[in-house]
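> Attaching a single structure in structure tokens format; questions to follow.
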Amino acid sequence: MVVTQPTEGTIRAYSATCTHQGCTVTSVVDGTIVCACHNSVFDIADGSVRSGPAGAPLPAANVTVDGDAIRMA
């Protein structure tokens with residue numbers, strides 16, 4: 001799972017498995033989630049593809065925030 005904070009107080013989570021060929025995404029940089037296997041780039045706010053070769057967004061994961069803890073819902 002990849003957890004992001006696109007804006008202060010907004011927490012999003014996505015599968016860490018790239019939708020292109022199943023590699024694990026490698027980093028979160030400048031508002032994007034990057035898969036270094038084939039350079040797919042996803043948006044931290046909604047998981048959408050910013051650049052391919054991935055053709056589908058990262059699936060969202062349900063999380064809850066309780067104080068400083070982030071938990072799978």
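Quick note on naming: the chains in the structure tokens go A, B, ... in the order shown, residues restart at 1 in each chain, and ligands are numbered from 1 in order of appearance.
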If we count only C-alpha atoms, what is near Thr24 in chain A at a cut-off of 10 Å, once residues fewer than 4 positions away on the same chain are taken out, given as a VMD selection string?
chain A and resid 1 to 2 15 to 19 34 to 37
> In Å to one decimal, how far is CA of Ile44 in chain A from CA of Asp66 in chain A?
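That distance, rounded to one decimal, is 20.8 Å.
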> So which residues touch Gly55 in chain A within 9 Å, counting only C-alpha atoms, skipping near sequence neighbours fewer than 3 positions away, as a ChimeraX atom specification?
/A:19-20,49,51-52
> Output C-alpha atoms of each residue in that selection to a file, as a PDB file, in the first residue's frame.

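Saved to again.pdb:
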ATOM      1  CA  THR A  19      -1.177  -1.680 -13.115  1.00  0.00           C
ATOM      2  CA  HIS A  20       1.214  -2.067 -16.056  1.00  0.00           C
ATOM      3  CA  VAL A  49      -2.164   7.662 -14.673  1.00  0.00           C
ATOM      4  CA  SER A  51       2.125   8.972 -17.881  1.00  0.00           C
ATOM      5  CA  GLY A  52       2.348   5.385 -19.066  1.00  0.00           C
TER       6      GLY A  52
END
> Please give the complete set of residues from chain A that DSSP, run on the backbone, assigns to strand (DSSP E), formatted as an NGL selection string.
:A and (2-7 or 10-14 or 27-29 or 32-35 or 40-43 or 49-51 or 63-66 or 69-72)
> Which residues are near Arg71 in chain A? Cut-off 12 Å, only C-alpha atoms, ignore same chain within fewer than 2 positions. Put them as a list of chain:residue names.
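Surrounding residues, per the criterion: A:Met1, A:Val3, A:Ile11, A:Arg12, A:Ala13, A:Ala61, A:Asn62, A:Val63, A:Thr64, A:Val65, A:Asp66, A:Gly67, A:Asp68, A:Ala69, A:Ala73.
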> Taking 5 positions as the minimum chain separation for residues in the same chain, which residues sit within 12 Å of Pro6 in chain A when counting only C-alpha atoms? Answer as a list of chain:residue names.
A:Ile11, A:Arg12, A:Ala13, A:Val28, A:Val29, A:Asp30, A:Gly31, A:Thr32, A:Ile33, A:Asp43, A:Ile44, A:Ala45, A:Asp46, A:Gly47
> How many Å separate CA of Ile70 in chain A from CA of Ala54 in chain A?
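Those two atoms sit 27.6 Å apart.
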> Just how far from CA of Thr26 in chain A is CA of Thr10 in chain A, in Å to one decimal?
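Answer for the CA of Thr10 in chain A to CA of Thr26 in chain A separation: 21.7 Å.
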